[in-house]
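run33.pdb, holding PDB, N, CA and C atoms:
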```pdb
ATOM      1  N   MET A 683      -6.186  -9.655   7.944
ATOM      2  CA  MET A 683      -5.247  -9.380   9.017
ATOM      3  C   MET A 683      -4.331 -10.570   9.173
ATOM      4  N   ILE A 684      -3.063 -10.377   9.125
ATOM      5  CA  ILE A 684      -2.087 -11.456   9.174
ATOM      6  C   ILE A 684      -1.994 -12.070  10.561
ATOM      7  N   SER A 685      -2.111 -11.274  11.608
ATOM      8  CA  SER A 685      -1.927 -11.790  12.955
ATOM      9  C   SER A 685      -3.063 -12.697  13.402
ATOM     10  N   GLY A 686      -4.168 -12.675  12.716
ATOM     11  CA  GLY A 686      -5.297 -13.532  13.070
ATOM     12  C   GLY A 686      -6.190 -12.928  14.139
ATOM     13  N   GLY A 687      -5.884 -11.744  14.599
ATOM     14  CA  GLY A 687      -6.694 -11.094  15.623
ATOM     15  C   GLY A 687      -7.929 -10.457  15.029
ATOM     16  N   LYS A 688      -8.829 -10.045  15.909
ATOM     17  CA  LYS A 688     -10.051  -9.391  15.452
ATOM     18  C   LYS A 688      -9.822  -7.881  15.418
ATOM     19  N   PRO A 689     -10.305  -7.231  14.378
ATOM     20  CA  PRO A 689     -10.178  -5.782  14.345
ATOM     21  C   PRO A 689     -11.064  -5.159  15.417
ATOM     22  N   THR A 690     -10.534  -4.167  16.113
ATOM     23  CA  THR A 690     -11.302  -3.549  17.194
ATOM     24  C   THR A 690     -11.650  -2.104  16.909
ATOM     25  N   ALA A 691     -11.106  -1.541  15.843
ATOM     26  CA  ALA A 691     -11.377  -0.141  15.552
ATOM     27  C   ALA A 691     -11.325   0.074  14.051
ATOM     28  N   THR A 692     -11.873   1.191  13.624
ATOM     29  CA  THR A 692     -11.781   1.568  12.223
ATOM     30  C   THR A 692     -11.070   2.899  12.132
ATOM     31  N   ALA A 693     -10.512   3.159  10.984
ATOM     32  CA  ALA A 693      -9.821   4.418  10.753
ATOM     33  C   ALA A 693     -10.457   5.103   9.558
ATOM     34  N   THR A 694     -10.488   6.403   9.611
ATOM     35  CA  THR A 694     -11.017   7.182   8.507
ATOM     36  C   THR A 694      -9.907   8.077   7.987
ATOM     37  N   LEU A 695      -9.703   8.049   6.689
ATOM     38  CA  LEU A 695      -8.688   8.868   6.055
ATOM     39  C   LEU A 695      -9.363  10.097   5.472
ATOM     40  N   VAL A 696      -8.869  11.253   5.847
ATOM     41  CA  VAL A 696      -9.416  12.497   5.332
ATOM     42  C   VAL A 696      -8.310  13.205   4.570
ATOM     43  N   LEU A 697      -8.574  13.471   3.315
ATOM     44  CA  LEU A 697      -7.616  14.183   2.491
ATOM     45  C   LEU A 697      -8.091  15.614   2.309
ATOM     46  N   GLU A 698      -7.212  16.533   2.609
ATOM     47  CA  GLU A 698      -7.557  17.933   2.449
ATOM     48  C   GLU A 698      -7.066  18.426   1.099
ATOM     49  N   LYS A 699      -7.833  19.284   0.486
ATOM     50  CA  LYS A 699      -7.430  19.886  -0.775
ATOM     51  C   LYS A 699      -6.326  20.892  -0.482
ATOM     52  N   THR A 700      -5.217  20.738  -1.169
ATOM     53  CA  THR A 700      -4.103  21.677  -1.003
ATOM     54  C   THR A 700      -3.770  22.281  -2.353
ATOM     55  N   GLU A 701      -3.130  23.409  -2.295
ATOM     56  CA  GLU A 701      -2.698  24.063  -3.518
ATOM     57  C   GLU A 701      -1.580  23.255  -4.155
ATOM     58  N   ASP A 702      -1.676  23.008  -5.450
ATOM     59  CA  ASP A 702      -0.646  22.248  -6.148
ATOM     60  C   ASP A 702       0.709  22.946  -6.102
ATOM     61  N   THR A 703       0.707  24.246  -5.936
ATOM     62  CA  THR A 703       1.975  24.979  -5.911
ATOM     63  C   THR A 703       2.768  24.681  -4.642
ATOM     64  N   GLN A 704       2.118  24.155  -3.602
ATOM     65  CA  GLN A 704       2.792  23.844  -2.345
ATOM     66  C   GLN A 704       3.350  22.422  -2.338
ATOM     67  N   LEU A 705       3.052  21.637  -3.355
ATOM     68  CA  LEU A 705       3.436  20.239  -3.367
ATOM     69  C   LEU A 705       4.658  20.006  -4.245
ATOM     70  N   SER A 706       5.436  19.003  -3.861
ATOM     71  CA  SER A 706       6.625  18.664  -4.639
ATOM     72  C   SER A 706       6.210  18.045  -5.971
ATOM     73  N   PRO A 707       7.091  18.109  -6.954
ATOM     74  CA  PRO A 707       6.796  17.470  -8.241
ATOM     75  C   PRO A 707       6.549  15.968  -8.096
ATOM     76  N   ARG A 708       7.233  15.327  -7.160
ATOM     77  CA  ARG A 708       7.054  13.883  -6.948
ATOM     78  C   ARG A 708       5.629  13.573  -6.482
ATOM     79  N   ILE A 709       5.110  14.368  -5.557
ATOM     80  CA  ILE A 709       3.733  14.182  -5.080
ATOM     81  C   ILE A 709       2.744  14.393  -6.222
ATOM     82  N   LEU A 710       2.969  15.413  -7.025
ATOM     83  CA  LEU A 710       2.080  15.676  -8.153
ATOM     84  C   LEU A 710       2.117  14.522  -9.157
ATOM     85  N   GLU A 711       3.318  13.974  -9.389
ATOM     86  CA  GLU A 711       3.451  12.833 -10.290
ATOM     87  C   GLU A 711       2.690  11.622  -9.756
ATOM     88  N   LEU A 712       2.823  11.343  -8.462
ATOM     89  CA  LEU A 712       2.123  10.204  -7.866
ATOM     90  C   LEU A 712       0.610  10.400  -7.892
ATOM     91  N   ARG A 713       0.162  11.609  -7.693
ATOM     92  CA  ARG A 713      -1.276  11.888  -7.779
ATOM     93  C   ARG A 713      -1.819  11.543  -9.164
ATOM     94  N   ARG A 714      -1.039  11.891 -10.198
ATOM     95  CA  ARG A 714      -1.471  11.569 -11.560
ATOM     96  C   ARG A 714      -1.488  10.060 -11.780
ATOM     97  N   LYS A 715      -0.447   9.380 -11.277
ATOM     98  CA  LYS A 715      -0.338   7.942 -11.502
ATOM     99  C   LYS A 715      -1.469   7.160 -10.847
ATOM    100  N   ILE A 716      -1.859   7.540  -9.636
ATOM    101  CA  ILE A 716      -2.870   6.748  -8.932
ATOM    102  C   ILE A 716      -4.264   6.901  -9.536
ATOM    103  N   GLN A 717      -4.398   7.759 -10.504
ATOM    104  CA  GLN A 717      -5.670   7.872 -11.214
ATOM    105  C   GLN A 717      -5.827   6.758 -12.242
ATOM    106  N   SER A 718      -4.726   6.052 -12.538
ATOM    107  CA  SER A 718      -4.736   4.988 -13.543
ATOM    108  C   SER A 718      -5.013   3.637 -12.888
ATOM    109  N   GLN A 719      -6.055   2.960 -13.353
ATOM    110  CA  GLN A 719      -6.379   1.635 -12.819
ATOM    111  C   GLN A 719      -5.248   0.648 -13.102
ATOM    112  N   ASP A 720      -4.612   0.761 -14.269
ATOM    113  CA  ASP A 720      -3.483  -0.122 -14.593
ATOM    114  C   ASP A 720      -2.333   0.080 -13.609
ATOM    115  N   TYR A 721      -2.040   1.323 -13.282
ATOM    116  CA  TYR A 721      -0.966   1.611 -12.326
ATOM    117  C   TYR A 721      -1.284   0.984 -10.967
ATOM    118  N   LEU A 722      -2.515   1.158 -10.505
ATOM    119  CA  LEU A 722      -2.911   0.585  -9.219
ATOM    120  C   LEU A 722      -2.860  -0.933  -9.239
ATOM    121  N   ASP A 723      -3.334  -1.548 -10.315
ATOM    122  CA  ASP A 723      -3.291  -3.006 -10.426
ATOM    123  C   ASP A 723      -1.858  -3.517 -10.374
ATOM    124  N   ASN A 724      -0.961  -2.855 -11.100
ATOM    125  CA  ASN A 724       0.445  -3.259 -11.091
ATOM    126  C   ASN A 724       1.090  -3.057  -9.726
ATOM    127  N   ALA A 725       0.755  -1.961  -9.064
ATOM    128  CA  ALA A 725       1.317  -1.703  -7.731
ATOM    129  C   ALA A 725       0.857  -2.769  -6.739
ATOM    130  N   ILE A 726      -0.410  -3.131  -6.787
ATOM    131  CA  ILE A 726      -0.933  -4.176  -5.894
ATOM    132  C   ILE A 726      -0.262  -5.506  -6.197
ATOM    133  N   GLN A 727      -0.058  -5.808  -7.468
ATOM    134  CA  GLN A 727       0.616  -7.049  -7.855
ATOM    135  C   GLN A 727       2.051  -7.080  -7.330
ATOM    136  N   ARG A 728       2.758  -5.960  -7.424
ATOM    137  CA  ARG A 728       4.140  -5.901  -6.920
ATOM    138  C   ARG A 728       4.182  -6.089  -5.410
ATOM    139  N   ILE A 729       3.246  -5.473  -4.709
ATOM    140  CA  ILE A 729       3.187  -5.629  -3.246
ATOM    141  C   ILE A 729       2.913  -7.084  -2.886
ATOM    142  N   ALA A 730       1.966  -7.707  -3.576
ATOM    143  CA  ALA A 730       1.647  -9.114  -3.311
ATOM    144  C   ALA A 730       2.853 -10.005  -3.584
ATOM    145  N   GLN A 731       3.623  -9.706  -4.619
ATOM    146  CA  GLN A 731       4.803 -10.504  -4.947
ATOM    147  C   GLN A 731       5.863 -10.384  -3.860
ATOM    148  N   VAL A 732       6.087  -9.188  -3.370
ATOM    149  CA  VAL A 732       7.069  -8.981  -2.302
ATOM    150  C   VAL A 732       6.650  -9.734  -1.039
ATOM    151  N   ILE A 733       5.375  -9.650  -0.686
ATOM    152  CA  ILE A 733       4.885 -10.353   0.502
ATOM    153  C   ILE A 733       5.005 -11.859   0.313
ATOM    154  N   SER A 734       4.637 -12.355  -0.863
ATOM    155  CA  SER A 734       4.747 -13.789  -1.137
ATOM    156  C   SER A 734       6.192 -14.262  -1.038
ATOM    157  N   ASN A 735       7.104 -13.505  -1.617
ATOM    158  CA  ASN A 735       8.522 -13.869  -1.539
ATOM    159  C   ASN A 735       9.006 -13.890  -0.100
ATOM    160  N   HIS A 736       8.575 -12.932   0.679
ATOM    161  CA  HIS A 736       8.977 -12.871   2.084
ATOM    162  C   HIS A 736       8.469 -14.099   2.839
ATOM    163  N   LEU A 737       7.236 -14.486   2.596
ATOM    164  CA  LEU A 737       6.664 -15.637   3.287
ATOM    165  C   LEU A 737       7.316 -16.942   2.857
ATOM    166  N   ILE A 738       7.706 -17.032   1.603
ATOM    167  CA  ILE A 738       8.396 -18.236   1.129
ATOM    168  C   ILE A 738       9.777 -18.340   1.768
ATOM    169  N   GLU A 739      10.456 -17.198   1.895
ATOM    170  CA  GLU A 739      11.791 -17.186   2.482
ATOM    171  C   GLU A 739      11.748 -17.438   3.986
ATOM    172  N   ASP A 740      10.652 -17.059   4.640
ATOM    173  CA  ASP A 740      10.541 -17.201   6.097
ATOM    174  C   ASP A 740       9.182 -17.824   6.436
ATOM    175  N   PRO A 741       9.053 -19.148   6.276
ATOM    176  CA  PRO A 741       7.753 -19.800   6.488
ATOM    177  C   PRO A 741       7.250 -19.700   7.931
ATOM    178  N   GLU A 742       8.100 -19.373   8.873
ATOM    179  CA  GLU A 742       7.664 -19.187  10.261
ATOM    180  C   GLU A 742       6.637 -18.051  10.355
ATOM    181  N   GLU A 743       6.681 -17.137   9.410
ATOM    182  CA  GLU A 743       5.727 -16.030   9.399
ATOM    183  C   GLU A 743       4.316 -16.509   9.119
ATOM    184  N   LEU A 744       4.176 -17.712   8.557
ATOM    185  CA  LEU A 744       2.852 -18.242   8.242
ATOM    186  C   LEU A 744       2.126 -18.764   9.468
ATOM    187  N   LYS A 745       2.849 -18.993  10.544
ATOM    188  CA  LYS A 745       2.234 -19.554  11.754
ATOM    189  C   LYS A 745       1.544 -18.446  12.536
ATOM    190  N   PHE A 746       0.388 -18.795  13.118
ATOM    191  CA  PHE A 746      -0.307 -17.856  13.978
ATOM    192  C   PHE A 746       0.442 -17.683  15.285
ATOM    193  N   ARG A 747       0.433 -16.480  15.780
ATOM    194  CA  ARG A 747       1.098 -16.205  17.052
ATOM    195  C   ARG A 747       0.077 -16.227  18.165
ATOM    196  N   ASP A 748       0.486 -16.708  19.316
ATOM    197  CA  ASP A 748      -0.417 -16.734  20.476
ATOM    198  C   ASP A 748      -0.349 -15.443  21.250
TER
END
```
Rewrite the coordinates I just gave you, this time as structure tokens.
Amino acid sequence: MISGGKPTATATLVLEKTEDTQLSPRILELRRKIQSQDYLDNAIQRIAQVISNHLIEDPEELKFRD
């Protein structure tokens, strides 16, 4: 947690099975991609890079807030 606070609740994600015919081609494509460990590893790396760049550009974000 970036803010330094304590977590007070948990969330549960429930995915319902839907008919593929009701979904857009983009959703179907993303479903296929997230089955790949390489795709997930690269996506996590890209997210970490964006966050790192943001923190370097704005070091005030590194300070804890009261």
Between CA of Ile733 in chain A and atom N of Lys745 in chain A, what is the spacing in Å?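 Rounded to one decimal, the two atoms are 13.4 Å apart.
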Two-atom distance - atom C of Tyr721 in chain A, CA of Leu737 in chain A (Å): 23.3 Å
Separation of CA of Gln719 in chain A from CA of Ser706 in chain A, in Å and rounded to one decimal: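 Atom-to-atom, CA of Gln719 in chain A to CA of Ser706 in chain A, that is 22.9 Å.
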Given 4 Å on each side, where is the centre and what are the edge lengths in Å to one decimal of the axis-aligned box enclosing the listed atoms of range 707-723 of chain A, as AutoDock Vina command-line options?
```
--center_x 0.4 --center_y 7.3 --center_z -9.8 --size_x 21.6 --size_y 29.6 --size_z 17.5
```
